[in-house]
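**Q** Next comes the structure file final26.cif, holding mmCIF, C-alpha atoms.
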```cif
data_model
loop_
_atom_site.label_atom_id
_atom_site.label_comp_id
_atom_site.auth_asym_id
_atom_site.auth_seq_id
_atom_site.Cartn_x
_atom_site.Cartn_y
_atom_site.Cartn_z
CA MET Q 16 22.35 19.96 -25.26
CA PRO Q 17 19.26 20.55 -23.06
CA ARG Q 18 19.10 18.74 -19.75
CA ARG Q 19 16.59 15.96 -19.32
CA ARG Q 20 13.59 17.13 -17.33
CA VAL Q 21 12.20 15.14 -14.40
CA VAL Q 22 9.23 15.88 -12.16
CA ALA Q 23 10.04 15.01 -8.54
CA ALA Q 24 7.13 14.27 -6.23
CA MET Q 25 8.03 16.15 -3.06
CA SER Q 26 5.93 15.18 -0.05
CA GLY Q 27 7.91 17.25 2.45
CA GLY Q 28 9.75 14.25 3.87
CA VAL Q 29 13.42 13.37 3.87
CA ASP Q 30 13.11 10.60 1.28
CA SER Q 31 11.55 12.67 -1.49
CA SER Q 32 13.84 15.58 -0.59
CA LEU Q 33 17.02 13.57 -1.06
CA ALA Q 34 15.64 11.96 -4.22
CA ALA Q 35 15.25 15.43 -5.72
CA ALA Q 36 18.73 16.43 -4.57
CA LEU Q 37 20.35 13.37 -6.14
CA LEU Q 38 18.63 14.07 -9.44
CA VAL Q 39 19.91 17.65 -9.45
CA GLU Q 40 23.42 16.33 -8.81
CA ALA Q 41 23.00 13.83 -11.65
CA GLY Q 42 22.40 16.70 -14.06
CA TYR Q 43 18.63 16.53 -14.49
CA GLU Q 44 16.42 19.58 -14.77
CA VAL Q 45 14.24 18.88 -11.74
CA VAL Q 46 10.76 20.32 -11.24
CA GLY Q 47 9.46 19.74 -7.72
CA VAL Q 48 5.72 19.08 -7.30
CA THR Q 49 3.81 18.78 -4.05
CA MET Q 50 0.35 17.33 -4.51
CA ASN Q 51 -2.63 19.06 -2.91
CA LEU Q 52 -4.92 16.11 -2.22
CA TRP Q 53 -7.56 16.99 0.34
CA PRO Q 54 -10.81 18.93 -0.32
CA GLU Q 55 -11.01 22.53 0.92
CA GLU Q 56 -14.29 21.81 2.66
CA GLU Q 57 -12.35 19.72 5.19
CA PRO Q 58 -9.85 22.39 6.32
CA GLY Q 59 -8.68 20.51 9.40
CA VAL Q 60 -6.67 18.18 7.20
CA VAL Q 61 -5.25 20.91 4.98
CA GLU Q 62 -4.11 23.00 7.94
CA ALA Q 63 -2.53 20.08 9.80
CA ARG Q 64 1.22 20.22 10.23
CA GLY Q 65 1.61 16.46 10.06
CA GLY Q 66 1.24 14.14 7.10
CA CYS Q 67 1.81 14.84 3.43
CA CYS Q 68 -1.54 16.61 2.98
CA GLY Q 69 -0.83 19.48 5.38
CA LEU Q 70 0.59 22.94 4.90
CA GLY Q 71 3.66 21.86 6.84
CA ALA Q 72 4.52 19.43 4.04
CA VAL Q 73 4.25 22.22 1.47
CA PHE Q 74 6.49 24.52 3.52
CA ASP Q 75 9.10 21.79 4.01
CA ALA Q 76 9.10 20.79 0.34
CA ARG Q 77 9.42 24.41 -0.73
CA ALA Q 78 12.34 24.97 1.65
CA VAL Q 79 14.16 22.01 0.10
CA ALA Q 80 13.38 23.21 -3.43
CA ASP Q 81 14.80 26.64 -2.58
CA ARG Q 82 17.94 24.99 -1.19
CA LEU Q 83 18.34 22.99 -4.40
CA GLY Q 84 17.55 25.95 -6.66
CA ILE Q 85 14.71 24.20 -8.47
CA ARG Q 86 11.20 25.23 -9.37
CA HIS Q 87 8.47 24.05 -7.02
CA TYR Q 88 4.73 23.89 -7.57
CA VAL Q 89 1.71 22.82 -5.54
CA VAL Q 90 -0.71 21.01 -7.84
CA ASN Q 91 -4.38 20.26 -7.22
CA PHE Q 92 -5.01 16.52 -7.49
CA ARG Q 93 -8.02 16.46 -5.19
CA GLU Q 94 -10.40 14.88 -7.68
CA ALA Q 95 -7.95 12.12 -8.61
CA PHE Q 96 -7.22 11.42 -4.95
CA GLU Q 97 -10.88 11.33 -4.01
CA ALA Q 98 -11.82 9.01 -6.88
CA GLY Q 99 -8.77 6.76 -6.76
CA VAL Q 100 -7.98 6.59 -3.05
CA VAL Q 101 -10.48 7.99 -0.55
CA ALA Q 102 -13.71 6.68 -2.09
CA PRO Q 103 -12.34 3.11 -2.56
CA PHE Q 104 -10.81 3.24 0.94
CA ALA Q 105 -14.23 3.92 2.49
CA SER Q 106 -16.23 1.58 0.27
CA GLU Q 107 -13.85 -1.33 0.80
CA TYR Q 108 -14.14 -1.08 4.57
CA ALA Q 109 -17.93 -1.01 4.20
CA ARG Q 110 -17.62 -4.30 2.26
CA GLY Q 111 -15.72 -5.94 5.10
CA ARG Q 112 -12.36 -5.68 3.34
CA THR Q 113 -9.10 -4.01 4.39
CA PRO Q 114 -7.69 -1.81 1.59
CA ASN Q 115 -4.20 -0.42 1.08
CA PRO Q 116 -4.57 3.30 0.28
CA CYS Q 117 -0.84 3.85 -0.36
CA LEU Q 118 -1.01 1.29 -3.16
CA LEU Q 119 -4.04 3.06 -4.63
CA CYS Q 120 -2.26 6.41 -4.44
CA ASN Q 121 0.76 5.05 -6.29
CA ARG Q 122 -1.44 3.48 -8.94
CA TYR Q 123 -3.96 6.25 -9.59
CA VAL Q 124 -2.27 9.48 -8.46
CA LYS Q 125 1.54 9.47 -8.35
CA PHE Q 126 2.04 7.34 -11.45
CA ALA Q 127 -1.15 8.33 -13.26
CA ALA Q 128 -2.32 11.91 -12.65
CA LEU Q 129 1.16 13.16 -11.75
CA LEU Q 130 2.76 11.26 -14.62
CA ASP Q 131 0.27 12.79 -17.07
CA LEU Q 132 1.19 16.23 -15.76
CA ALA Q 133 4.90 15.46 -16.05
CA LEU Q 134 4.55 14.40 -19.68
CA ASP Q 135 2.54 17.54 -20.42
CA LEU Q 136 5.42 19.56 -18.96
CA GLY Q 137 7.87 17.85 -21.29
CA ALA Q 138 9.43 15.72 -18.54
CA GLU Q 139 10.76 12.24 -19.25
CA ARG Q 140 10.18 10.74 -15.82
CA VAL Q 141 8.43 11.02 -12.47
CA ALA Q 142 10.77 10.50 -9.52
CA THR Q 143 9.69 9.58 -5.99
CA GLY Q 144 11.36 8.74 -2.70
CA HIS Q 145 10.18 5.13 -2.76
CA TYR Q 146 12.63 2.44 -1.73
CA ALA Q 147 12.57 0.31 -4.87
CA ARG Q 148 14.62 -0.30 -8.01
CA THR Q 149 13.92 -0.83 -11.69
CA ALA Q 150 15.90 -2.64 -14.36
CA GLU Q 151 15.48 -3.26 -18.06
CA ASP Q 152 14.99 -6.81 -19.33
CA ARG Q 153 16.01 -6.28 -22.94
CA SER Q 154 15.39 -9.86 -23.97
CA ALA Q 155 11.77 -9.63 -22.88
CA GLY Q 156 11.36 -5.95 -23.74
CA ARG Q 157 10.07 -5.21 -20.26
CA VAL Q 158 10.91 -3.01 -17.27
CA LEU Q 159 11.41 -5.00 -14.09
CA LEU Q 160 10.59 -3.90 -10.56
CA LEU Q 161 13.16 -4.99 -7.97
CA ARG Q 162 13.32 -4.87 -4.19
CA ALA Q 163 15.30 -2.06 -2.60
CA ALA Q 164 18.76 -2.57 -1.14
CA ASP Q 165 17.28 -1.76 2.29
CA ARG Q 166 14.94 -4.70 2.85
CA GLN Q 167 13.53 -3.07 5.99
CA LYS Q 168 12.32 -0.12 3.93
CA ASP Q 169 11.48 -1.95 0.69
CA GLN Q 170 8.24 -0.59 -0.80
CA THR Q 171 7.74 -2.83 -3.82
CA TYR Q 172 4.71 -4.40 -2.12
CA ALA Q 173 2.87 -1.10 -2.69
CA LEU Q 174 4.17 -0.66 -6.25
CA TYR Q 175 3.27 -4.02 -7.83
CA ALA Q 176 0.23 -2.55 -9.66
CA LEU Q 177 2.31 -0.20 -11.83
CA THR Q 178 2.02 -0.92 -15.54
CA GLN Q 179 4.90 -1.26 -17.95
CA ALA Q 180 4.20 2.24 -19.25
CA GLN Q 181 4.28 3.66 -15.73
CA LEU Q 182 7.46 1.81 -14.76
CA ALA Q 183 9.16 3.02 -17.94
CA HIS Q 184 8.66 6.60 -16.72
CA ALA Q 185 9.49 5.96 -13.04
CA LEU Q 186 12.69 6.89 -11.22
CA PHE Q 187 13.54 5.64 -7.72
CA PRO Q 188 16.82 7.36 -6.76
CA LEU Q 189 16.87 5.83 -3.26
CA GLY Q 190 16.61 2.20 -4.36
CA GLY Q 191 20.24 1.43 -3.61
CA LEU Q 192 20.40 3.26 -0.27
CA THR Q 193 19.53 2.47 3.33
CA LYS Q 194 17.47 4.79 5.49
CA PRO Q 195 20.45 5.76 7.70
CA GLU Q 196 22.41 6.61 4.56
CA VAL Q 197 19.53 8.75 3.31
CA ARG Q 198 19.44 10.77 6.53
CA ARG Q 199 23.22 11.24 6.57
CA MET Q 200 23.24 12.34 2.93
CA ALA Q 201 20.34 14.75 3.47
CA LEU Q 202 22.06 16.24 6.51
CA ALA Q 203 25.32 16.65 4.60
CA ARG Q 204 23.42 18.59 1.91
CA GLY Q 205 21.76 20.88 4.41
CA LEU Q 206 18.23 19.77 3.58
CA ALA Q 207 15.65 21.07 6.06
CA THR Q 208 13.91 17.68 6.22
CA ALA Q 209 17.04 15.65 7.05
CA MET Q 210 15.95 14.71 10.56
CA LYS Q 211 12.21 15.04 10.10
CA PRO Q 212 10.46 12.07 11.74
CA GLU Q 213 8.50 9.69 9.54
CA SER Q 214 4.73 9.89 9.60
CA GLN Q 215 3.12 6.72 10.95
CA GLU Q 216 -0.38 7.73 9.85
CA LEU Q 217 -2.18 7.58 6.55
CA CYS Q 218 -1.78 11.04 5.05
CA PHE Q 219 -5.50 11.82 4.99
CA VAL Q 220 -6.09 10.41 8.48
CA ALA Q 221 -3.42 12.37 10.39
CA ALA Q 222 -5.63 15.35 11.26
CA ARG Q 223 -8.72 13.23 11.90
CA GLY Q 224 -7.13 11.17 14.66
CA ARG Q 225 -8.31 7.72 13.53
CA TYR Q 226 -9.21 6.22 10.19
CA THR Q 227 -12.61 5.33 11.63
CA ASP Q 228 -13.37 9.04 11.82
CA VAL Q 229 -12.90 9.21 8.06
CA LEU Q 230 -15.21 6.22 7.66
CA ARG Q 231 -17.91 7.87 9.76
CA LEU Q 232 -17.92 10.74 7.28
CA ARG Q 233 -17.47 8.81 4.04
CA ALA Q 234 -19.10 5.42 4.72
CA PRO Q 235 -21.25 5.59 7.86
CA GLU Q 236 -22.64 2.13 7.12
CA ALA Q 237 -19.18 0.75 7.91
CA MET Q 238 -19.49 2.14 11.45
CA THR Q 239 -22.92 0.75 12.36
CA PRO Q 240 -22.76 -1.29 15.60
CA GLY Q 241 -23.60 -4.98 15.38
CA PRO Q 242 -22.94 -8.43 16.83
CA ILE Q 243 -19.66 -10.21 17.42
CA VAL Q 244 -20.22 -13.93 16.82
CA ASP Q 245 -18.08 -17.03 17.25
CA LEU Q 246 -17.49 -19.69 14.60
CA GLU Q 247 -20.71 -21.42 15.67
CA GLY Q 248 -22.73 -18.25 15.13
CA ARG Q 249 -23.27 -17.54 18.83
CA VAL Q 250 -23.35 -13.86 19.80
CA VAL Q 251 -20.46 -13.17 22.19
CA GLY Q 252 -20.34 -9.37 22.14
CA ARG Q 253 -21.02 -6.15 20.25
CA HIS Q 254 -18.83 -4.22 17.83
CA GLU Q 255 -18.72 -0.52 16.94
CA GLY Q 256 -18.82 -1.10 13.17
CA ILE Q 257 -17.09 -3.62 10.89
CA GLY Q 258 -14.90 -0.84 9.54
CA ALA Q 259 -13.06 -0.74 12.87
CA TYR Q 260 -11.84 -4.33 12.53
CA THR Q 261 -9.59 -6.41 10.33
CA VAL Q 262 -8.76 -10.09 10.06
CA GLY Q 263 -6.14 -11.09 12.62
CA GLN Q 264 -7.04 -8.36 15.11
CA ARG Q 265 -7.15 -9.26 18.81
CA ARG Q 266 -7.12 -5.98 20.70
CA GLY Q 267 -10.20 -3.82 20.97
CA LEU Q 268 -12.76 -6.62 20.87
CA GLY Q 269 -13.93 -6.01 24.43
CA LEU Q 270 -14.44 -9.72 25.12
CA ALA Q 271 -13.70 -10.78 28.67
CA GLY Q 272 -12.30 -14.08 29.95
CA GLY Q 273 -11.71 -17.42 28.26
CA GLU Q 274 -9.27 -18.12 25.46
CA ARG Q 275 -7.80 -15.38 23.31
CA LEU Q 276 -10.06 -14.65 20.37
CA TYR Q 277 -9.17 -13.01 17.07
CA VAL Q 278 -11.15 -11.56 14.20
CA VAL Q 279 -11.29 -14.34 11.61
CA ALA Q 280 -13.86 -12.84 9.23
CA LEU Q 281 -16.08 -9.84 8.61
CA ASP Q 282 -19.62 -10.42 7.37
CA PRO Q 283 -21.01 -7.15 5.93
CA ALA Q 284 -24.33 -8.77 4.93
CA ALA Q 285 -25.03 -9.58 8.59
CA ASN Q 286 -22.99 -6.63 9.88
CA ALA Q 287 -21.15 -9.16 12.03
CA VAL Q 288 -17.59 -9.59 13.22
CA VAL Q 289 -16.64 -13.28 13.41
CA VAL Q 290 -14.10 -14.32 16.04
CA GLY Q 291 -12.26 -17.54 16.77
CA PRO Q 292 -9.01 -18.99 18.11
CA GLU Q 293 -5.69 -18.11 16.51
CA SER Q 294 -5.57 -21.49 14.80
CA ALA Q 295 -8.55 -20.42 12.66
CA LEU Q 296 -6.45 -17.64 11.09
CA TYR Q 297 -4.07 -19.98 9.28
CA ARG Q 298 -4.85 -20.80 5.67
CA ARG Q 299 -3.05 -22.57 2.86
CA GLU Q 300 -4.76 -20.94 -0.09
CA LEU Q 301 -6.58 -17.88 -1.32
CA VAL Q 302 -8.05 -16.38 -4.47
CA ALA Q 303 -6.47 -13.24 -5.96
CA THR Q 304 -8.12 -10.92 -8.47
CA ASP Q 305 -7.21 -7.69 -10.31
CA LEU Q 306 -3.86 -9.21 -11.24
CA ASN Q 307 -1.02 -7.19 -12.72
CA TRP Q 308 2.03 -8.99 -14.10
CA ILE Q 309 5.32 -7.12 -14.42
CA ALA Q 310 8.05 -9.60 -15.30
CA TRP Q 311 5.98 -11.12 -18.13
CA GLU Q 312 2.54 -11.23 -19.66
CA ALA Q 313 -0.07 -13.25 -17.76
CA PRO Q 314 1.25 -16.82 -17.33
CA SER Q 315 -0.65 -19.67 -18.98
CA GLY Q 316 0.21 -22.24 -16.33
CA PRO Q 317 1.17 -22.61 -12.66
CA VAL Q 318 4.04 -20.48 -11.35
CA ALA Q 319 6.20 -21.49 -8.40
CA CYS Q 320 7.37 -18.39 -6.54
CA ARG Q 321 7.10 -16.59 -3.21
CA ALA Q 322 4.18 -14.42 -2.13
CA GLN Q 323 3.89 -11.62 0.41
CA VAL Q 324 0.48 -10.90 1.96
CA ARG Q 325 1.47 -8.04 4.30
CA TYR Q 326 3.35 -4.81 3.68
CA HIS Q 327 6.25 -5.87 5.91
CA GLY Q 328 5.52 -9.58 5.84
CA GLU Q 329 7.77 -12.38 4.70
CA ALA Q 330 7.51 -13.67 1.15
CA LEU Q 331 6.59 -17.36 1.48
CA PRO Q 332 6.82 -20.23 -1.05
CA CYS Q 333 3.66 -20.84 -3.04
CA THR Q 334 2.21 -21.85 -6.39
CA VAL Q 335 0.11 -19.42 -8.39
CA GLU Q 336 -2.50 -21.14 -10.54
CA PRO Q 337 -4.11 -18.84 -13.14
CA ARG Q 338 -7.85 -19.31 -13.72
CA PRO Q 339 -9.80 -18.82 -16.96
CA ASP Q 340 -11.67 -15.85 -15.44
CA GLY Q 341 -8.41 -13.90 -14.98
CA ALA Q 342 -8.16 -14.55 -11.25
CA ALA Q 343 -5.65 -16.92 -9.67
CA ARG Q 344 -5.66 -19.57 -6.97
CA VAL Q 345 -2.63 -19.25 -4.71
CA VAL Q 346 -1.58 -22.32 -2.75
CA PHE Q 347 1.13 -21.90 -0.12
CA ASP Q 348 3.62 -24.62 0.77
CA ALA Q 349 2.80 -24.02 4.45
CA PRO Q 350 -0.13 -22.21 6.07
CA VAL Q 351 0.06 -18.42 6.35
CA ARG Q 352 -1.44 -16.34 9.10
CA ALA Q 353 -4.43 -14.10 8.44
CA PRO Q 354 -4.45 -13.45 4.70
CA THR Q 355 -6.93 -10.59 4.54
CA PRO Q 356 -9.46 -9.78 1.80
CA GLY Q 357 -8.75 -6.38 0.30
CA GLN Q 358 -5.02 -6.51 0.96
CA ALA Q 359 -2.45 -7.02 -1.76
CA ILE Q 360 -0.63 -10.26 -2.48
CA VAL Q 361 2.65 -9.73 -4.32
CA PHE Q 362 4.67 -12.44 -6.08
CA TYR Q 363 8.47 -12.50 -6.03
CA ASP Q 364 11.33 -14.42 -7.57
CA GLY Q 365 14.24 -13.38 -5.39
CA ASP Q 366 14.35 -9.58 -5.58
CA THR Q 367 12.23 -9.45 -8.74
CA VAL Q 368 8.55 -8.57 -8.49
CA LEU Q 369 6.70 -10.93 -10.82
CA GLY Q 370 3.34 -9.24 -10.24
CA GLY Q 371 0.50 -9.24 -7.77
CA GLY Q 372 -3.19 -8.81 -7.13
CA THR Q 373 -5.86 -8.23 -4.52
CA ILE Q 374 -6.83 -10.93 -2.04
CA ALA Q 375 -10.49 -11.55 -2.87
CA ALA Q 376 -11.28 -14.51 -0.61
CA VAL Q 377 -9.67 -17.24 1.47
CA PRO Q 378 -11.04 -20.69 2.30
CA GLY Q 379 -12.85 -21.42 5.53
CA PRO Q 380 -13.65 -19.08 8.43
CA ALA Q 381 -11.34 -16.32 7.17
CA GLY Q 382 -13.17 -15.89 3.89
CA GLY Q 383 -16.14 -18.15 3.48
CA LEU Q 384 -15.16 -20.07 0.34
CA ASP Q 385 -15.19 -23.41 2.08
CA PRO Q 386 -17.03 -23.37 5.42
CA ALA Q 387 -16.31 -27.07 5.91
CA ALA Q 388 -12.55 -26.63 5.67
CA GLU Q 389 -10.74 -27.63 8.84
CA PRO Q 390 -8.65 -24.80 10.30
CA VAL Q 391 -4.92 -25.48 10.27
CA ARG Q 392 -3.35 -25.66 13.70
CA ALA Q 393 -1.07 -22.72 14.49
CA GLU Q 394 1.56 -25.14 15.77
CA ALA Q 395 1.68 -26.87 12.39
CA ALA Q 396 2.01 -23.53 10.62
CA ALA Q 397 5.01 -22.62 12.74
CA SER Q 398 6.80 -25.93 12.18
#
```
How does the structure come out when it is put into structure tokens?
**A**
Amino acid sequence: MPRRRVVAAMSGGVDSSLAAALLVEAGYEVVGVTMNLWPEEEPGVVEARGGCCGLGAVFDARAVADRLGIRHYVVNFREAFEAGVVAPFASEYARGRTPNPCLLCNRYVKFAALLDLALDLGAERVATGHYARTAEDRSAGRVLLLRAADRQKDQTYALYALTQAQLAHALFPLGGLTKPEVRRMALARGLATAMKPESQELCFVAARGRYTDVLRLRAPEAMTPGPIVDLEGRVVGRHEGIGAYTVGQRRGLGLAGGERLYVVALDPAANAVVVGPESALYRRELVATDLNWIAWEAPSGPVACRAQVRYHGEALPCTVEPRPDGAARVVFDAPVRAPTPGQAIVFYDGDTVLGGGTIAAVPGPAGGLDPAAEPVRAEAAAS
């Protein structure tokens, strides 16, 4: 009987390396694929040793593949990466929003372009080193997405946008492991990446130095200097471009003296950064769009659950109220700090991902839906 074929996305890191190793040990026919994502006309990124776009990643992935005795290929996904990740990354910052490029990569590259390739190769699944789990809900006929055993490494926040078809073809071999276990297991198997440090940069930013350098090339309008204004509209300073700021930011404003001020909104129409006290960051509700539901079809009525508005944030109690236009109003039981337009909001029931969407706007100074709304005191939010 022929072995089941799986394509393993191999980024050159320890996580994807061990994922491939575990699949080999489970009896799969594993084909390792490293994605070539960055255009040749920007060679500084391709030649960089760091990040998953550099030659170093290819060398490391190939060394692991040789150790495991599996085939390894480098595949050109530059067009898919440009269209699905880099272009939206730049345009969102120019709109005064803060995108999540890892989420876009999962949605449009790893579980779209790579999955299509895997199916063309006769593979059943695409496997990655993500810390997440899946389970089958036979009664509902759906594939569920569940948090990883290692809550510190859980990556379901960046996977909520996967469709049922994509989840049905996804394998997450590390979902039941902790990061220390992964390193120990990789070391025991003699994998070259066992002790390789984790990259703290976005893959396509590593060789550029800062993400703002990418914006200067791709969306120069996002890096046009302009005014910093307070909640009353008074000019209190100058900024280097709205793309360099995000809601909740305090450092780098260059404002001297007085109370601590934070970025509470970005106004691309006026090319202005709006600042205010920390209390102005706290909001009880927001509007989410581009919703994707995993545990069920779109709900017809309010859903009580928990919602996470940051990659490593806490999931907090809320009610999701679907709207006729396909968006949803999300009302939290207690105020949350700095929900940011452009970021994801993901809904949970325990470890189960119900679904999620993109934060489109928040009431008051942080989003402009309700300028008359009184900011919630930070002390009340903490109580």
**Q** Once the PyMOL selection byres ((chain Q and resi 348) around 7) has been evaluated on this model, what residues remain selected, and can you format them as a PyMOL selection string?
**A** chain Q and resi 332-333+346-347+349-350
**Q** Could you save those same residues with C-alpha atoms as a PDB file, in the frame of the given file?
**A**
```pdb
ATOM      1  CA  PRO Q 332       6.820 -20.230  -1.050  1.00  0.00           C
ATOM      2  CA  CYS Q 333       3.660 -20.840  -3.040  1.00  0.00           C
ATOM      3  CA  VAL Q 346      -1.580 -22.320  -2.750  1.00  0.00           C
ATOM      4  CA  PHE Q 347       1.130 -21.900  -0.120  1.00  0.00           C
ATOM      5  CA  ALA Q 349       2.800 -24.020   4.450  1.00  0.00           C
ATOM      6  CA  PRO Q 350      -0.130 -22.210   6.070  1.00  0.00           C
TER       7      PRO Q 350
END
```
**Q** With a distance cut-off of 8 Å and all atoms listed in the file, select the neighbouring residues of Q:Met238, excluding the residue or stretch itself and same-chain residues fewer than 3 positions from it, and output the selection as a list of chain:residue names.
**A**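 Within the cut-off, the hits are Q:Thr227, Q:Leu230, Q:Arg231, Q:Ala234, Q:Pro235, Q:Glu255, Q:Gly256, Q:Ile257, Q:Gly258, Q:Ala259.
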**Q** Which residue out of Q:Trp308, Q:Ala203, Q:Asp364, Q:Val302 has the minimum interatomic distance to Q:Leu331 when only C-alpha atoms are used?
**A**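 Under the stated criterion, the closest residue is Q:Asp364.
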**Q** Given the file shown, determine the residues that the PyMOL selection byres ((chain Q and resi 151-157) around 8) selects; report them as a PDB file with C-alpha atoms, in the frame of the given file.
**A**
```
ATOM      1  CA  THR Q 149      13.920  -0.830 -11.690  1.00  0.00           C
ATOM      2  CA  ALA Q 150      15.900  -2.640 -14.360  1.00  0.00           C
ATOM      3  CA  VAL Q 158      10.910  -3.010 -17.270  1.00  0.00           C
ATOM      4  CA  LEU Q 159      11.410  -5.000 -14.090  1.00  0.00           C
ATOM      5  CA  GLN Q 179       4.900  -1.260 -17.950  1.00  0.00           C
ATOM      6  CA  ILE Q 309       5.320  -7.120 -14.420  1.00  0.00           C
ATOM      7  CA  ALA Q 310       8.050  -9.600 -15.300  1.00  0.00           C
ATOM      8  CA  TRP Q 311       5.980 -11.120 -18.130  1.00  0.00           C
TER       9      TRP Q 311
END
```
**Q** What's the 9 Å shell around stretch 129-140 of chain Q, counting only C-alpha atoms, without same-chain residues fewer than 5 positions away, as a list in words?
**A**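 Counting only C-alpha atoms, the residues come to Arg19, Arg20, Val21, Val22, Ala23, Ala24, Glu44, Val45, Val46, Val48, Met50, Val90, Phe92, Tyr123, Val124, Gln181, Ala183, His184, Ala185 and Leu186 of chain Q.
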**Q** What does the structure give for the distance between atom CA of Q:Arg298 and atom CA of Q:Arg275, in Å to one decimal?
**A**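 Separating atom CA of Q:Arg298 from atom CA of Q:Arg275 is a distance of 18.7 Å.
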**Q** Which one is closest to Q:Ile85: Q:Asp245, Q:Asp340, Q:Glu97, Q:Glu40? Count only C-alpha atoms.
**A**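 Among Q:Asp245, Q:Asp340, Q:Glu97, Q:Glu40, it is Q:Glu40 that comes nearest to Q:Ile85.
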**Q** When distances are computed from all atoms listed in the file, which of Q:Tyr172, Q:Leu202, Q:Asp305, Q:Gln264 shows the smallest separation from Q:Tyr363?
**A**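 Smallest separation from Q:Tyr363 among the options: Q:Tyr172.
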**Q** From the structure block, carefully write stretch 277-288 of chain Q out with N, CA and C atoms; format it as a compact mmCIF listing (two decimals), in the first residue's frame.
**A**
```txt
# COMPACT_ATOMS: atom_id res chain seq x y z
N TYR Q 277 -0.12 58.80 24.39
CA TYR Q 277 -0.12 57.59 23.57
C TYR Q 277 -0.81 57.88 22.24
N VAL Q 278 -0.48 57.11 21.23
CA VAL Q 278 -1.20 57.21 19.97
C VAL Q 278 -2.59 56.60 20.18
N VAL Q 279 -3.62 57.40 19.97
CA VAL Q 279 -4.99 56.90 20.13
C VAL Q 279 -5.71 56.77 18.81
N ALA Q 280 -5.18 57.35 17.73
CA ALA Q 280 -5.78 57.21 16.41
C ALA Q 280 -4.81 57.69 15.36
N LEU Q 281 -5.01 57.20 14.14
CA LEU Q 281 -4.27 57.67 12.98
C LEU Q 281 -5.28 58.19 11.96
N ASP Q 282 -5.03 59.38 11.47
CA ASP Q 282 -5.96 60.02 10.53
C ASP Q 282 -5.26 60.19 9.18
N PRO Q 283 -5.39 59.21 8.27
CA PRO Q 283 -4.68 59.30 6.99
C PRO Q 283 -5.16 60.46 6.12
N ALA Q 284 -6.44 60.84 6.24
CA ALA Q 284 -6.95 61.95 5.42
C ALA Q 284 -6.23 63.25 5.75
N ALA Q 285 -5.93 63.45 7.03
CA ALA Q 285 -5.22 64.66 7.46
C ALA Q 285 -3.73 64.39 7.65
N ASN Q 286 -3.31 63.15 7.39
CA ASN Q 286 -1.92 62.74 7.64
C ASN Q 286 -1.50 63.12 9.06
N ALA Q 287 -2.37 62.81 10.02
CA ALA Q 287 -2.13 63.21 11.40
C ALA Q 287 -2.09 62.00 12.32
N VAL Q 288 -1.24 62.11 13.34
CA VAL Q 288 -1.21 61.15 14.43
C VAL Q 288 -1.89 61.81 15.62
```
